[in-house]
$ cat final.cif   # mmCIF, C-alpha atoms
data_start
loop_
_atom_site.label_atom_id
_atom_site.label_comp_id
_atom_site.auth_asym_id
_atom_site.auth_seq_id
_atom_site.Cartn_x
_atom_site.Cartn_y
_atom_site.Cartn_z
CA MET A 1 0.00 0.00 0.00
CA ARG A 2 0.89 3.72 -0.30
CA ASP A 3 2.79 3.19 -3.55
CA SER A 4 2.21 5.22 -6.68
CA GLY A 5 -1.04 3.36 -7.43
CA THR A 6 -2.60 4.12 -4.07
CA ASP A 7 -5.05 6.95 -3.47
CA THR A 8 -5.09 8.24 0.09
CA HIS A 9 -7.99 10.11 1.70
CA GLU A 10 -7.78 11.63 5.16
CA TRP A 11 -10.25 12.94 7.70
CA SER A 12 -9.89 14.36 11.20
CA ILE A 13 -12.99 14.42 13.38
CA ALA A 14 -13.83 15.58 16.89
CA PRO A 15 -14.25 12.68 19.34
CA GLU A 16 -18.07 12.88 19.24
CA ILE A 17 -20.40 10.10 18.18
CA ASP A 18 -22.45 12.42 15.95
CA GLU A 19 -19.37 12.94 13.78
CA VAL A 20 -19.09 9.26 12.93
CA ALA A 21 -22.18 8.95 10.73
CA ALA A 22 -21.09 11.84 8.51
CA LEU A 23 -17.59 10.38 8.28
CA VAL A 24 -18.96 7.00 7.15
CA ARG A 25 -21.16 8.67 4.50
CA GLU A 26 -18.24 10.68 3.11
CA ALA A 27 -15.88 7.72 3.09
CA ALA A 28 -18.49 5.51 1.41
CA ALA A 29 -18.92 8.09 -1.33
CA VAL A 30 -15.15 8.19 -1.92
CA LEU A 31 -14.96 4.39 -2.04
CA GLN A 32 -17.81 4.23 -4.55
CA GLU A 33 -16.02 6.79 -6.72
CA HIS A 34 -13.15 4.28 -6.81
CA GLY A 35 -15.51 1.53 -7.94
CA VAL A 36 -15.76 -0.24 -4.59
CA THR A 37 -19.10 -2.03 -4.30
CA GLY A 38 -20.72 -5.03 -2.61
CA GLU A 39 -19.05 -6.77 0.29
CA PRO A 40 -15.81 -4.71 0.30
CA LEU A 41 -17.84 -1.49 0.45
CA TYR A 42 -19.97 -2.90 3.24
CA THR A 43 -16.95 -4.10 5.21
CA ALA A 44 -15.16 -0.78 4.81
CA GLN A 45 -18.17 1.16 6.11
CA LEU A 46 -18.54 -1.27 8.99
CA ALA A 47 -14.85 -1.03 9.87
CA ILE A 48 -14.87 2.79 9.86
CA GLU A 49 -18.04 2.97 11.94
CA GLU A 50 -17.13 0.31 14.49
CA VAL A 51 -13.46 1.26 14.97
CA VAL A 52 -14.02 5.01 15.15
CA SER A 53 -17.12 4.64 17.36
CA ASN A 54 -15.08 2.45 19.68
CA VAL A 55 -12.40 5.13 20.00
CA VAL A 56 -15.00 7.84 20.65
CA ARG A 57 -17.21 5.83 23.06
CA HIS A 58 -14.33 4.60 25.20
CA GLY A 59 -13.06 8.13 25.60
CA ALA A 60 -9.65 7.28 24.29
CA CYS A 61 -9.04 10.81 23.03
CA LYS A 62 -7.41 13.52 25.08
CA GLU A 63 -9.56 16.58 25.45
CA GLY A 64 -9.45 18.66 22.31
CA ARG A 65 -7.64 16.02 20.28
CA GLY A 66 -9.43 14.48 17.38
CA VAL A 67 -9.41 11.12 15.68
CA ASN A 68 -7.43 10.82 12.45
CA ILE A 69 -8.69 8.49 9.75
CA HIS A 70 -6.80 7.47 6.61
CA VAL A 71 -8.33 5.38 3.83
CA ASP A 72 -5.86 4.06 1.27
CA ILE A 73 -7.33 2.53 -1.87
CA ASP A 74 -5.58 0.58 -4.59
CA ASP A 75 -6.77 -1.98 -7.11
CA ASP A 76 -6.49 -4.89 -4.70
CA GLU A 77 -7.09 -3.58 -1.24
CA ILE A 78 -8.55 -0.92 1.04
CA ARG A 79 -6.54 0.00 4.13
CA LEU A 80 -8.20 1.86 7.00
CA THR A 81 -5.89 3.50 9.56
CA VAL A 82 -7.39 5.11 12.68
CA GLU A 83 -5.16 7.02 15.11
CA ASP A 84 -5.86 8.79 18.41
CA GLU A 85 -3.81 10.17 21.29
CA GLY A 86 -5.66 8.51 24.12
CA LEU A 87 -4.46 6.05 26.73
CA PRO A 88 -3.20 2.74 25.34
CA PHE A 89 -6.22 0.64 24.37
CA ASP A 90 -6.07 -2.45 22.18
CA PRO A 91 -9.71 -3.30 21.38
CA SER A 92 -8.87 -6.83 20.36
CA CYS A 93 -7.21 -7.61 23.74
CA ASP A 94 -8.40 -5.05 26.31
CA ALA A 95 -12.13 -5.50 25.62
CA PRO A 96 -13.74 -8.85 26.45
CA ALA A 97 -14.65 -10.97 23.46
CA PRO A 98 -18.39 -11.54 23.08
CA ASP A 99 -19.75 -14.95 24.06
CA LEU A 100 -21.67 -15.79 20.91
CA ASP A 101 -22.93 -19.06 22.33
CA ALA A 102 -24.44 -17.53 25.45
CA PRO A 103 -28.20 -17.69 25.95
CA LEU A 104 -30.17 -14.54 25.18
CA GLU A 105 -30.17 -13.24 28.76
CA ASN A 106 -26.35 -13.31 28.81
CA ARG A 107 -25.70 -11.98 25.31
CA ARG A 108 -23.87 -8.65 25.29
CA VAL A 109 -23.35 -6.16 22.50
CA GLY A 110 -19.95 -5.07 23.84
CA GLY A 111 -17.15 -6.40 21.69
CA LEU A 112 -19.44 -7.38 18.83
CA GLY A 113 -18.33 -4.52 16.59
CA VAL A 114 -14.66 -5.48 16.77
CA HIS A 115 -15.61 -9.14 16.33
CA LEU A 116 -17.54 -8.32 13.14
CA VAL A 117 -14.66 -6.31 11.70
CA LYS A 118 -12.12 -9.02 12.51
CA GLN A 119 -14.30 -11.65 10.86
CA MET A 120 -14.99 -9.67 7.68
CA ALA A 121 -11.65 -7.93 7.10
CA SER A 122 -8.46 -9.65 5.98
CA ARG A 123 -6.34 -8.02 8.73
CA PHE A 124 -6.99 -6.14 11.98
CA ASP A 125 -3.95 -4.89 13.87
CA TYR A 126 -3.35 -2.59 16.81
CA ALA A 127 -0.08 -0.83 17.67
CA ARG A 128 0.97 1.74 20.24
CA ASP A 129 3.11 4.24 18.38
CA GLY A 130 4.64 6.70 20.85
CA GLU A 131 1.67 8.50 22.41
CA ARG A 132 -0.77 7.25 19.80
CA ASN A 133 -3.06 4.27 19.37
CA ARG A 134 -3.06 3.08 15.78
CA MET A 135 -5.47 0.53 14.33
CA GLU A 136 -5.11 -0.80 10.83
CA VAL A 137 -7.75 -2.76 8.97
CA ASP A 138 -7.17 -4.29 5.53
CA ILE A 139 -10.10 -5.18 3.28
CA ASP A 140 -9.66 -7.34 0.20
CA ARG A 141 -11.35 -5.91 -2.90
CA ALA A 142 -11.54 -9.29 -4.62
CA ALA A 143 -15.26 -9.59 -3.96
CA SER A 144 -16.04 -6.29 -5.79
CA MET B 145 -34.07 5.68 6.73
CA SER B 146 -37.56 4.79 7.89
CA ILE B 147 -39.24 2.05 9.86
CA VAL B 148 -42.76 0.91 9.02
CA ARG B 149 -45.00 -1.36 11.07
CA GLU B 150 -47.89 -3.16 9.43
CA THR B 151 -50.49 -5.51 10.90
CA LEU B 152 -50.85 -8.36 8.43
CA SER B 153 -53.43 -10.35 10.38
CA THR B 154 -54.61 -10.85 13.93
CA ASN B 155 -51.54 -13.03 14.53
CA GLU B 156 -48.87 -11.49 12.33
CA THR B 157 -47.12 -8.13 12.46
CA LEU B 158 -44.49 -6.90 10.01
CA ILE B 159 -41.73 -4.35 10.64
CA ARG B 160 -39.92 -3.09 7.53
CA ILE B 161 -36.61 -1.28 7.94
CA ILE B 162 -35.73 0.90 4.98
CA GLY B 163 -32.15 2.11 4.50
CA ARG B 164 -29.55 1.91 7.27
CA PHE B 165 -30.31 0.11 10.54
CA ASP B 166 -27.82 1.63 12.98
CA PHE B 167 -27.45 3.72 16.13
CA ASN B 168 -29.53 6.56 14.65
CA THR B 169 -32.51 4.21 14.25
CA ARG B 170 -32.68 3.18 17.89
CA ALA B 171 -35.58 5.33 19.12
CA ASP B 172 -37.79 4.67 16.08
CA PHE B 173 -37.18 0.93 16.16
CA GLN B 174 -37.83 0.67 19.89
CA SER B 175 -41.09 2.59 19.67
CA CYS B 176 -42.15 0.35 16.78
CA TYR B 177 -42.01 -2.89 18.77
CA SER B 178 -42.48 -1.77 22.38
CA SER B 179 -46.17 -1.06 21.82
CA LEU B 180 -46.73 -4.70 20.86
CA THR B 181 -48.43 -6.14 23.93
CA LYS B 182 -50.52 -9.01 22.58
CA ALA B 183 -49.09 -12.42 23.49
CA GLY B 184 -48.39 -15.06 20.88
CA GLY B 185 -48.32 -14.81 17.13
CA LEU B 186 -45.56 -13.88 14.73
CA LEU B 187 -43.43 -10.78 14.26
CA ALA B 188 -41.62 -10.58 10.91
CA ILE B 189 -38.67 -8.23 10.50
CA ASP B 190 -38.30 -7.49 6.79
CA PHE B 191 -34.75 -6.50 5.77
CA GLY B 192 -35.60 -6.48 2.06
CA GLU B 193 -35.01 -2.73 1.85
CA THR B 194 -32.24 -2.63 4.49
CA ASP B 195 -28.82 -1.98 3.01
CA TYR B 196 -26.70 -1.86 6.18
CA ILE B 197 -26.70 -3.05 9.79
CA ASP B 198 -24.00 -2.67 12.44
CA SER B 199 -23.37 -3.83 16.01
CA SER B 200 -25.83 -1.22 17.32
CA ALA B 201 -28.53 -2.89 15.24
CA LEU B 202 -27.60 -6.25 16.74
CA GLY B 203 -28.04 -4.73 20.20
CA MET B 204 -31.49 -3.51 19.21
CA LEU B 205 -32.41 -6.98 17.96
CA LEU B 206 -31.37 -8.44 21.34
CA LEU B 207 -33.70 -6.01 23.13
CA LEU B 208 -36.48 -6.84 20.68
CA LYS B 209 -35.96 -10.54 21.36
CA GLU B 210 -36.24 -10.01 25.12
CA HIS B 211 -39.54 -8.19 24.57
CA THR B 212 -41.00 -10.76 22.19
CA ASP B 213 -39.89 -13.68 24.37
CA SER B 214 -41.80 -12.12 27.26
CA LEU B 215 -44.88 -12.18 24.99
CA LYS B 216 -44.14 -15.67 23.65
CA LYS B 217 -44.12 -14.15 20.19
CA HIS B 218 -42.05 -15.80 17.44
CA VAL B 219 -39.69 -13.56 15.42
CA VAL B 220 -38.71 -14.23 11.83
CA ILE B 221 -36.11 -12.17 9.93
CA ARG B 222 -36.75 -12.08 6.18
CA ASN B 223 -35.18 -10.98 2.90
CA CYS B 224 -31.64 -10.15 4.08
CA ASN B 225 -29.12 -9.09 1.46
CA PRO B 226 -25.93 -11.23 1.52
CA GLU B 227 -23.92 -8.77 3.62
CA VAL B 228 -26.66 -8.33 6.23
CA GLU B 229 -27.12 -12.09 6.44
CA GLN B 230 -23.36 -12.49 6.91
CA ILE B 231 -23.43 -10.05 9.85
CA LEU B 232 -26.24 -12.03 11.48
CA THR B 233 -24.49 -15.36 10.88
CA VAL B 234 -21.04 -14.22 12.03
CA SER B 235 -22.68 -12.98 15.26
CA LYS B 236 -24.57 -16.28 15.63
CA PHE B 237 -27.89 -14.46 15.62
CA ASP B 238 -29.16 -17.33 13.50
CA THR B 239 -29.28 -19.28 16.78
CA LEU B 240 -31.62 -16.67 18.29
CA PHE B 241 -33.86 -15.89 15.32
CA THR B 242 -35.38 -17.75 12.40
CA ILE B 243 -33.76 -16.26 9.31
CA GLU B 244 -35.60 -16.77 6.03
CA SER B 245 -34.04 -15.90 2.66
#
$ encode --input "final.cif" --output "structure tokens"
Amino acid sequence: MRDSGTDTHEWSIAPEIDEVAALVREAAAVLQEHGVTGEPLYTAQLAIEEVVSNVVRHGACKEGRGVNIHVDIDDDEIRLTVEDEGLPFDPSCDAPAPDLDAPLENRRVGGLGVHLVKQMASRFDYARDGERNRMEVDIDRAAS
Amino acid sequence: MSIVRETLSTNETLIRIIGRFDFNTRADFQSCYSSLTKAGGLLAIDFGETDYIDSSALGMLLLLKEHTDSLKKHVVIRNCNPEVEQILTVSKFDTLFTIES
């Protein structure tokens, strides 16, 4: 990714949940302009919404600091990168995994968003880079 | 986005979700099913015009299921597009609901 055939689009939003829906709409429009349709488009929207919502809802951002979102698109793949300056928080380790076999009364929504993204994307990685959390999600365009 | 409730018969109610089913739909969806008080019968959720669901939608379906279980009402989810059906399957919601193509 990020070679000469990659188009990069960037957004920076305030850490507020109302900002997420507009971000997803704008990113979806950009992806469609690049010919992304079907399952890859769906997975990309889901990844943006679930990962960014997670950052905002868990208050990972320092006051006044936004969330930075990069979407890199090439012919084969979409890469989503989400960065914030909050406390270290790896959603795939620090949040409990959902028990999908639990009976209804014990089913919880917490953790489902990350679970969905991990199942539908080809890669989900977290790294602590200095003072920043960075999550990367790769989505294969083969199903377009 | 809109949510429509229709009474199909004395024993069957239909809820159609048009557009995106996500966090912004929560109040409308809840008001649509919470006024169902008659025990028994069938509630069909029609996703034929639903192009997107997320984890918030799954949370709303769990709350719906608690309500309908208390009324002993059966819930069927119909007409999912492939991506929506994949979300439900990956989350094992097919063990909680009857999902009809």
$ atom_distance --input "final.cif" --atom1 "atom CA of B:Arg164" --atom2 "atom CA of A:Glu83"
26.1 Å
$ interface_residues --input "final.cif" --of "chain A" --to "chain B" --cutoff "9 Å" --atoms "only C-alpha atoms" --output "number ranges by chain"
A: 21, 38-39, 42-43, 46, 49-50, 100-101, 103-105, 107-116, 119-120
$ atom_distance --input "final.cif" --atom1 "atom CA of A:Ile17" --atom2 "atom CA of A:Ser53"
6.4 Å
$ closest_residue --input "final.cif" --among "A:Asn106, A:Pro40, A:Asp129, A:Leu23" --to "A:Ala142" --atoms "all atoms listed in the file"
A:Pro40
$ atom_distance --input "final.cif" --atom1 "atom CA of B:Asn223" --atom2 "atom CA of B:Ile243"
8.4 Å
$ resolve_selection --input "final.cif" --expression "the PyMOL selection byres ((chain A and resi 85) around 6)" --output "CSV table (one decimal) with C-alpha atoms, in the coordinates of the input"
chain,number,residue,atom,x,y,z
A,61,CYS,CA,-9.0,10.8,23.0
A,84,ASP,CA,-5.9,8.8,18.4
A,86,GLY,CA,-5.7,8.5,24.1
A,131,GLU,CA,1.7,8.5,22.4
A,132,ARG,CA,-0.8,7.2,19.8
$ resolve_selection --input "final.cif" --expression "the PyMOL selection byres ((chain A and resi 71) around 9)" --output "PyMOL selection string"
chain A and resi 7-11+27+31+69-70+72-73+78-82
$ resolve_selection --input "final.cif" --expression "the PyMOL selection byres ((chain B and resi 171-182) around 8)" --output "compact mmCIF listing (two decimals) with C-alpha atoms, keeping the file's coordinate frame"
# COMPACT_ATOMS: atom_id res chain seq x y z
CA ILE B 147 -39.24 2.05 9.86
CA VAL B 148 -42.76 0.91 9.02
CA ARG B 149 -45.00 -1.36 11.07
CA ILE B 159 -41.73 -4.35 10.64
CA ASN B 168 -29.53 6.56 14.65
CA THR B 169 -32.51 4.21 14.25
CA ARG B 170 -32.68 3.18 17.89
CA ALA B 183 -49.09 -12.42 23.49
CA GLY B 184 -48.39 -15.06 20.88
CA MET B 204 -31.49 -3.51 19.21
CA LEU B 208 -36.48 -6.84 20.68
CA HIS B 211 -39.54 -8.19 24.57
CA LEU B 215 -44.88 -12.18 24.99
$ closest_residue --input "final.cif" --among "A:Glu33, A:Val67, A:Gly5, A:Asp138" --to "A:Glu19" --atoms "all atoms listed in the file"
A:Val67
$ residues_around --input "final.cif" --residues "B:Arg222" --least-positions-apart "2" --cutoff "7 Å" --atoms "only C-alpha atoms" --output "ChimeraX atom specification"
/B:188-191,220,224,243-245
$ axis_aligned_box --input "final.cif" --around "stretch 40-50 of chain A" --padding-each-side "6 Å" --output "lines of an AutoDock Vina configuration file"
center_x = -17.4
center_y = -0.9
center_z = 7.4
size_x = 17.1
size_y = 19.7
size_z = 26.2
$ residues_around --input "final.cif" --residues "B:Glu156" --least-positions-apart "2" --cutoff "9 Å" --atoms "only C-alpha atoms" --output "PyMOL selection string"
chain B and resi 150-154+158+185-188
$ closest_residue --input "final.cif" --among "A:Asn54, A:Gln45, A:Gln32, A:Ser92" --to "A:Glu16" --atoms "only C-alpha atoms"
A:Asn54
$ closest_residue --input "final.cif" --among "A:Lys118, A:His34, A:Arg57, A:Arg123" --to "A:Val20" --atoms "only C-alpha atoms"
A:Arg57
